[in-house]
Amino acid sequence: MEEILKHNELSIEKSRPGRRGVQFIKTQAKAEDYLPASYLRGNEPRLPEMSEFDTVRHFTRLSQLNYCLDGEFYPLGSCTMKYNPKAYDTLSALEPFAAAHPFAPEEAVQGTLHAMYEMQELLKKVTGLAAFTLQPAAGAHGELTGILTVRAYHDAKKDFARTEVIVPDTAHGTNPATANMAGYTVVNIKSADDGCVDKEALQNALSERTAAVMLTVPNTVGLFEKDIREIADMVHKAGALLYMDGANFNALIGLAKPADFGVDVMHLNLHKTFAAPHGGGGPGSGPVGAAAHVAPFLPKPMAELKDGKYTLSGEMPQSLGKMKAFYGNMAVVLRGYCYLRQFDGETLKRIAENAVLNANYVRARLKGKFNAFFDRVCMHECVVNVDPHQMNGVHTSDVAKRLLDYGFYAPTIYFPLIVPEAMMVEPTETESKDMLDAFVTALEKIYDEIQTEPEKVKGAPHGQCVGRIDEVSAARQPNLKW
């Protein structure tokens, strides 16, 4: 036990006076010669004193304590934590890309501009939209870009009375925040009993004040909006635009094009559908596409091909301007570009079909123990719920923590908000049937424990380096110092 605790010590606790990883030669110059005295420390900082070997072991141990996609099944619903091909990492790190300066002359970065231009064209092809910007640095940033594009569109028409954005309760949580941040009043509408948009509620909310309707497709309960064409017609009849949150596009790529639904503006997450690393705080990429009548208002510049040369065009007089200092997170864009270049349309279709198949396989296997809240065929993810009244007082958070003991990262829990005690599972197309069977078997064992040993589940996790913590205090009053 002492050895286990020693492994979990902080680096400062492993420190021993005089140990060094690197020995620096003391300089003859004085710090006062370079910096004002007010900027200088009075005492040396207290830093860990460790050998290089001890340091390597320390951080290797920390990395092994982390759950990660390269080590475990990571079924985070609404996040699409799929396999990221290592070849894409290598290609995006090639020096001509990685070392390119954003102020380099266009002649020196024709390869990067070529990739940007082709990526824009590929995104247009898979969505059917008229134009794409690669500037947004994340999904939520893409949402903000899209809604500001909507505002620029209405402002150009001098339609300043449109001050509201309608957001269903099955939208991603960032949608209402984005609309509010863009200066709009958010109008929330509830879903129908089938988990899709309540068309009557939508019709009642639409008015001459509506600027846009933000629709997540498929929505956060994992369902396709079956009335999407009718919804689009309702939105357009009111003079508003239909914004599609495309973060869940992994269920549609190769199968359907949002332009055919009547979508005016949408964002995509390259760090989800397009196999760039996701998680750990970034970087992300959230390109925004628009139909022809809205495209002139997208951010500038965009990559263009003129007279056989790739260039950044700033000739967009109606553009809302820039949304980022430069042109996007190129390392993520390049990974997404590799993904779309690797697969043809038929393969992309199979990718979406397998993502949908895997989610429905998990949903069907869990039926009778952890039931889907909306008992119907889902898309990329299935949302089940835990009923504490029927499970000896066990809650979703208990099941999630117990899964850690079985070697699985927990699914997204308590979201979407319209599902009580929700547990959202997205297997993606990159997981094998063997892995899905192992995951379902673990949940079946936990279900049996709930019936016979509920306290064991309520006390989980039991085999991790950290047990249960006060999560509320950890979030509101984090202790970030030793």
# chains A, B, ... in the order shown; residues from 1 in each chain; ligands from 1
>>> residues_around(residues="segment 322-339 of chain A", least_positions_apart="5", cutoff="6 Å", atoms="only C-alpha atoms", output="ChimeraX atom specification")
/A:88,92,119,134-137,270,274,276,299-300
>>> residues_around(residues="Glu143 of chain A", least_positions_apart="5", cutoff="8 Å", atoms="only C-alpha atoms", output="list of chain:residue names")
A:Asn175, A:Thr178, A:Asp245, A:Met266, A:His267, A:Gly286, A:Val288
>>> closest_residue(among="A:Ile189, A:Val197, A:Ala295, A:Val165", to="Phe132 of chain A", atoms="only C-alpha atoms")
A:Ala295
>>> closest_atom_pairs(of="segment 245-268 of chain A", to="segment 227-230 of chain A", cutoff="12 Å", atoms="only C-alpha atoms", output="Markdown table")
| residue | atom | partner | partner_atom | distance |
| --- | --- | --- | --- | --- |
| A:Pro258 | CA | A:Ile228 | CA | 9.7 |
| A:Ala259 | CA | A:Arg229 | CA | 10.4 |
| A:Asp260 | CA | A:Arg229 | CA | 8.3 |
| A:Phe261 | CA | A:Arg229 | CA | 5.2 |
| A:Gly262 | CA | A:Arg229 | CA | 6.5 |
| A:Val263 | CA | A:Arg229 | CA | 9.1 |
>>> residues_around(residues="Tyr153 of chain A", least_positions_apart="4", cutoff="10 Å", atoms="only C-alpha atoms", output="compact mmCIF listing (two decimals) with all heavy atoms, in the first residue's frame")
# COMPACT_ATOMS: atom_id res chain seq x y z
N ILE A 147 -23.77 32.31 -36.27
CA ILE A 147 -24.84 33.21 -35.85
C ILE A 147 -24.49 34.67 -36.19
O ILE A 147 -25.38 35.46 -36.55
CB ILE A 147 -25.12 33.03 -34.35
CG1 ILE A 147 -25.74 31.65 -34.11
CG2 ILE A 147 -26.06 34.11 -33.83
CD1 ILE A 147 -27.04 31.41 -34.89
N LEU A 148 -23.22 35.02 -36.12
CA LEU A 148 -22.84 36.38 -36.54
C LEU A 148 -22.98 36.53 -38.06
O LEU A 148 -23.26 37.62 -38.56
CB LEU A 148 -21.41 36.68 -36.11
CG LEU A 148 -21.21 36.86 -34.60
CD1 LEU A 148 -19.74 37.14 -34.27
CD2 LEU A 148 -22.09 37.98 -34.05
N THR A 149 -22.81 35.44 -38.79
CA THR A 149 -23.08 35.46 -40.24
C THR A 149 -24.56 35.69 -40.49
O THR A 149 -24.95 36.45 -41.39
CB THR A 149 -22.62 34.14 -40.88
OG1 THR A 149 -21.22 33.93 -40.64
CG2 THR A 149 -22.87 34.14 -42.39
N LYS A 157 -29.96 43.37 -45.09
CA LYS A 157 -31.33 43.58 -45.59
C LYS A 157 -32.06 44.65 -44.77
O LYS A 157 -33.25 44.91 -45.01
CB LYS A 157 -32.11 42.26 -45.53
CG LYS A 157 -31.52 41.16 -46.41
CD LYS A 157 -32.23 39.85 -46.20
CE LYS A 157 -33.67 39.91 -46.67
NZ LYS A 157 -34.35 38.60 -46.54
N LYS A 158 -31.33 45.24 -43.81
CA LYS A 158 -31.89 46.25 -42.89
C LYS A 158 -33.09 45.71 -42.13
O LYS A 158 -34.04 46.43 -41.79
CB LYS A 158 -32.26 47.53 -43.65
CG LYS A 158 -31.08 48.17 -44.38
CD LYS A 158 -31.38 49.55 -44.87
CE LYS A 158 -30.20 50.14 -45.65
NZ LYS A 158 -28.94 50.12 -44.89
N ASP A 159 -33.02 44.41 -41.84
CA ASP A 159 -34.09 43.75 -41.10
C ASP A 159 -33.67 43.67 -39.63
O ASP A 159 -33.38 42.59 -39.09
CB ASP A 159 -34.32 42.35 -41.68
CG ASP A 159 -35.66 41.77 -41.28
OD1 ASP A 159 -36.33 42.38 -40.42
OD2 ASP A 159 -36.04 40.71 -41.81
N ALA A 211 -34.68 35.58 -36.01
CA ALA A 211 -33.53 35.68 -36.92
C ALA A 211 -33.11 34.31 -37.42
O ALA A 211 -32.74 34.15 -38.58
CB ALA A 211 -32.36 36.36 -36.21
N LEU A 241 -33.58 32.22 -40.88
CA LEU A 241 -32.61 31.27 -41.43
C LEU A 241 -32.55 30.03 -40.55
O LEU A 241 -32.75 30.11 -39.33
CB LEU A 241 -31.22 31.90 -41.52
CG LEU A 241 -31.06 33.10 -42.46
CD1 LEU A 241 -29.63 33.62 -42.41
CD2 LEU A 241 -31.45 32.75 -43.89
N HIS A 293 -27.03 32.20 -50.78
CA HIS A 293 -27.55 33.53 -50.44
C HIS A 293 -26.96 34.07 -49.14
O HIS A 293 -27.08 35.27 -48.87
CB HIS A 293 -29.09 33.49 -50.35
CG HIS A 293 -29.62 32.52 -49.34
ND1 HIS A 293 -29.53 31.16 -49.49
CD2 HIS A 293 -30.26 32.72 -48.16
CE1 HIS A 293 -30.09 30.55 -48.45
NE2 HIS A 293 -30.53 31.48 -47.62
N VAL A 294 -26.32 33.21 -48.34
CA VAL A 294 -25.71 33.66 -47.08
C VAL A 294 -24.19 33.68 -47.17
O VAL A 294 -23.52 34.40 -46.42
CB VAL A 294 -26.16 32.74 -45.92
CG1 VAL A 294 -25.68 33.29 -44.58
CG2 VAL A 294 -27.68 32.58 -45.90
N ALA A 295 -23.61 32.96 -48.13
CA ALA A 295 -22.16 32.81 -48.25
C ALA A 295 -21.39 34.13 -48.29
O ALA A 295 -20.29 34.22 -47.72
CB ALA A 295 -21.82 31.97 -49.47
N PRO A 296 -21.89 35.21 -48.95
CA PRO A 296 -21.11 36.45 -49.01
C PRO A 296 -20.82 37.07 -47.65
O PRO A 296 -19.93 37.93 -47.53
CB PRO A 296 -21.99 37.38 -49.85
CG PRO A 296 -22.84 36.47 -50.66
CD PRO A 296 -23.11 35.29 -49.77
N PHE A 297 -21.54 36.63 -46.60
CA PHE A 297 -21.39 37.25 -45.28
C PHE A 297 -20.44 36.47 -44.37
O PHE A 297 -20.18 36.89 -43.24
CB PHE A 297 -22.78 37.38 -44.64
CG PHE A 297 -23.75 38.14 -45.48
CD1 PHE A 297 -24.65 37.47 -46.31
CD2 PHE A 297 -23.75 39.53 -45.50
CE1 PHE A 297 -25.53 38.16 -47.12
CE2 PHE A 297 -24.64 40.24 -46.30
CZ PHE A 297 -25.52 39.56 -47.12
N LEU A 298 -19.93 35.35 -44.84
CA LEU A 298 -18.97 34.57 -44.05
C LEU A 298 -17.69 35.37 -43.80
O LEU A 298 -17.40 36.34 -44.51
CB LEU A 298 -18.63 33.27 -44.77
CG LEU A 298 -19.72 32.19 -44.81
CD1 LEU A 298 -19.33 31.08 -45.78
CD2 LEU A 298 -19.97 31.63 -43.41
N GLN A 318 -19.27 42.18 -48.27
CA GLN A 318 -20.34 41.98 -47.29
C GLN A 318 -19.92 41.09 -46.12
O GLN A 318 -20.73 40.82 -45.23
CB GLN A 318 -21.57 41.38 -47.99
CG GLN A 318 -22.22 42.32 -49.00
CD GLN A 318 -23.44 41.68 -49.64
OE1 GLN A 318 -23.32 40.67 -50.35
NE2 GLN A 318 -24.60 42.24 -49.39
N SER A 319 -18.67 40.65 -46.11
CA SER A 319 -18.18 39.75 -45.07
C SER A 319 -18.30 40.39 -43.69
O SER A 319 -18.17 41.60 -43.53
CB SER A 319 -16.72 39.39 -45.33
OG SER A 319 -16.16 38.74 -44.21
N LEU A 320 -18.54 39.54 -42.69
CA LEU A 320 -18.60 40.06 -41.32
C LEU A 320 -17.21 40.41 -40.79
O LEU A 320 -17.07 40.97 -39.71
CB LEU A 320 -19.28 39.04 -40.40
CG LEU A 320 -18.61 37.68 -40.16
CD1 LEU A 320 -17.61 37.72 -39.02
CD2 LEU A 320 -19.67 36.63 -39.84
>>> residues_around(residues="segment 107-118 of chain A", least_positions_apart="6", cutoff="7 Å", atoms="only C-alpha atoms", output="list of chain:residue names")
A:Phe97, A:Ala100, A:Ala303, A:Glu304, A:Tyr310, A:Thr311
>>> atom_distance(atom1="atom CA of Ala364 of chain A", atom2="atom CA of Ala256 of chain A")
24.7 Å
>>> closest_atom_pairs(of="segment 104-208 of chain A", to="segment 404-420 of chain A", cutoff="12 Å", atoms="only C-alpha atoms", output="tab-separated table")
residue	atom	partner	partner_atom	distance
A:Pro168	CA	A:Ile418	CA	10.8
A:Asp169	CA	A:Ile418	CA	7.2
A:Thr170	CA	A:Pro416	CA	7.1
A:Ala171	CA	A:Pro416	CA	8.6
A:His172	CA	A:Pro416	CA	8.2
A:Gly173	CA	A:Pro416	CA	8.5
A:Ile189	CA	A:Ile418	CA	11.8
A:Lys190	CA	A:Ile418	CA	9.0
A:Ser191	CA	A:Ile418	CA	8.7
A:Ala192	CA	A:Ile418	CA	11.1
A:Asp193	CA	A:Ile418	CA	10.9
A:Asp194	CA	A:Ile418	CA	11.9
A:Gly195	CA	A:Ile418	CA	9.0
A:Cys196	CA	A:Ile418	CA	11.6
>>> residues_around(residues="Pro461 of chain A", least_positions_apart="6", cutoff="6 Å", atoms="only C-alpha atoms", output="VMD selection string")
chain A and resid 401 to 402 405 467
>>> closest_residue(among="A:Gly393, A:Val383, A:Asn180, A:Glu72", to="Lys367 of chain A", atoms="only C-alpha atoms")
A:Val383
>>> select_by_dssp(residues="segment 161-296 of chain A", states="strand (DSSP E or B)", output="PDB file with C-alpha atoms, in the first residue's frame")
ATOM      1  CA  GLU A 164     -34.650  36.327 -31.417  1.00  0.00           C
ATOM      2  CA  VAL A 165     -33.105  32.919 -31.977  1.00  0.00           C
ATOM      3  CA  ILE A 166     -35.207  29.821 -31.353  1.00  0.00           C
ATOM      4  CA  VAL A 167     -33.414  26.866 -29.740  1.00  0.00           C
ATOM      5  CA  PRO A 168     -35.112  23.498 -29.030  1.00  0.00           C
ATOM      6  CA  THR A 185     -32.809  36.861 -27.159  1.00  0.00           C
ATOM      7  CA  VAL A 186     -33.041  33.080 -26.819  1.00  0.00           C
ATOM      8  CA  VAL A 187     -36.472  31.469 -27.187  1.00  0.00           C
ATOM      9  CA  ASN A 188     -36.478  27.876 -25.936  1.00  0.00           C
ATOM     10  CA  ILE A 189     -39.063  25.390 -27.178  1.00  0.00           C
ATOM     11  CA  SER A 191     -39.588  18.709 -27.726  1.00  0.00           C
ATOM     12  CA  VAL A 197     -39.012  19.189 -32.533  1.00  0.00           C
ATOM     13  CA  THR A 210     -37.028  35.435 -35.448  1.00  0.00           C
ATOM     14  CA  ALA A 211     -33.531  35.685 -36.919  1.00  0.00           C
ATOM     15  CA  ALA A 212     -32.726  31.970 -36.905  1.00  0.00           C
ATOM     16  CA  VAL A 213     -33.655  28.567 -35.573  1.00  0.00           C
ATOM     17  CA  MET A 214     -30.671  26.607 -34.238  1.00  0.00           C
ATOM     18  CA  LEU A 215     -31.248  22.911 -34.795  1.00  0.00           C
ATOM     19  CA  THR A 216     -28.858  20.134 -33.775  1.00  0.00           C
ATOM     20  CA  LEU A 241     -32.612  31.268 -41.433  1.00  0.00           C
ATOM     21  CA  LEU A 242     -32.105  27.637 -40.426  1.00  0.00           C
ATOM     22  CA  TYR A 243     -28.833  27.056 -38.576  1.00  0.00           C
ATOM     23  CA  MET A 244     -27.688  23.457 -38.210  1.00  0.00           C
ATOM     24  CA  ASP A 245     -25.331  22.398 -35.460  1.00  0.00           C
ATOM     25  CA  GLY A 246     -23.324  19.788 -37.366  1.00  0.00           C
ATOM     26  CA  VAL A 265     -25.745  27.932 -42.222  1.00  0.00           C
ATOM     27  CA  MET A 266     -23.982  25.167 -40.320  1.00  0.00           C
ATOM     28  CA  HIS A 267     -20.757  24.344 -38.541  1.00  0.00           C
ATOM     29  CA  LEU A 268     -18.819  21.085 -38.522  1.00  0.00           C
ATOM     30  CA  VAL A 288     -18.743  27.091 -41.055  1.00  0.00           C
ATOM     31  CA  GLY A 289     -20.598  26.581 -44.328  1.00  0.00           C
ATOM     32  CA  ALA A 290     -23.391  28.600 -45.874  1.00  0.00           C
TER      33      ALA A 290
END
>>> residues_around(residues="Ile469 of chain A", least_positions_apart="4", cutoff="12 Å", atoms="only C-alpha atoms", output="compact mmCIF listing (two decimals) with N, CA and C atoms, in the first residue's frame")
# COMPACT_ATOMS: atom_id res chain seq x y z
N LYS A 401 -19.19 5.61 -12.30
CA LYS A 401 -17.97 5.41 -11.50
C LYS A 401 -17.62 3.92 -11.41
N GLY A 459 -20.55 2.89 -3.82
CA GLY A 459 -19.24 3.28 -3.28
C GLY A 459 -18.12 3.33 -4.30
N ALA A 460 -18.45 3.01 -5.55
CA ALA A 460 -17.42 2.98 -6.62
C ALA A 460 -16.89 4.39 -6.89
N PRO A 461 -15.67 4.49 -7.42
CA PRO A 461 -14.80 3.39 -7.86
C PRO A 461 -13.97 2.82 -6.70
N CYS A 465 -6.87 5.27 -8.45
CA CYS A 465 -5.91 5.94 -7.55
C CYS A 465 -6.61 6.98 -6.69
N SER A 473 -17.48 20.87 -4.49
CA SER A 473 -16.40 21.72 -3.95
C SER A 473 -15.20 21.75 -4.89
N ALA A 474 -14.91 20.62 -5.53
CA ALA A 474 -13.78 20.56 -6.46
C ALA A 474 -13.99 21.52 -7.62
N ALA A 475 -15.25 21.66 -8.07
CA ALA A 475 -15.55 22.55 -9.19
C ALA A 475 -15.62 24.01 -8.76
N PRO A 478 -11.71 24.96 -6.27
CA PRO A 478 -10.56 24.08 -6.57
C PRO A 478 -9.32 24.48 -5.77
>>> closest_residue(among="A:Phe343, A:Ala422, A:Pro317, A:Thr428", to="Leu357 of chain A", atoms="only C-alpha atoms")
A:Thr428
>>> closest_residue(among="A:Ala359, A:Val126, A:Phe370, A:Pro176", to="Leu255 of chain A", atoms="only C-alpha atoms")
A:Val126
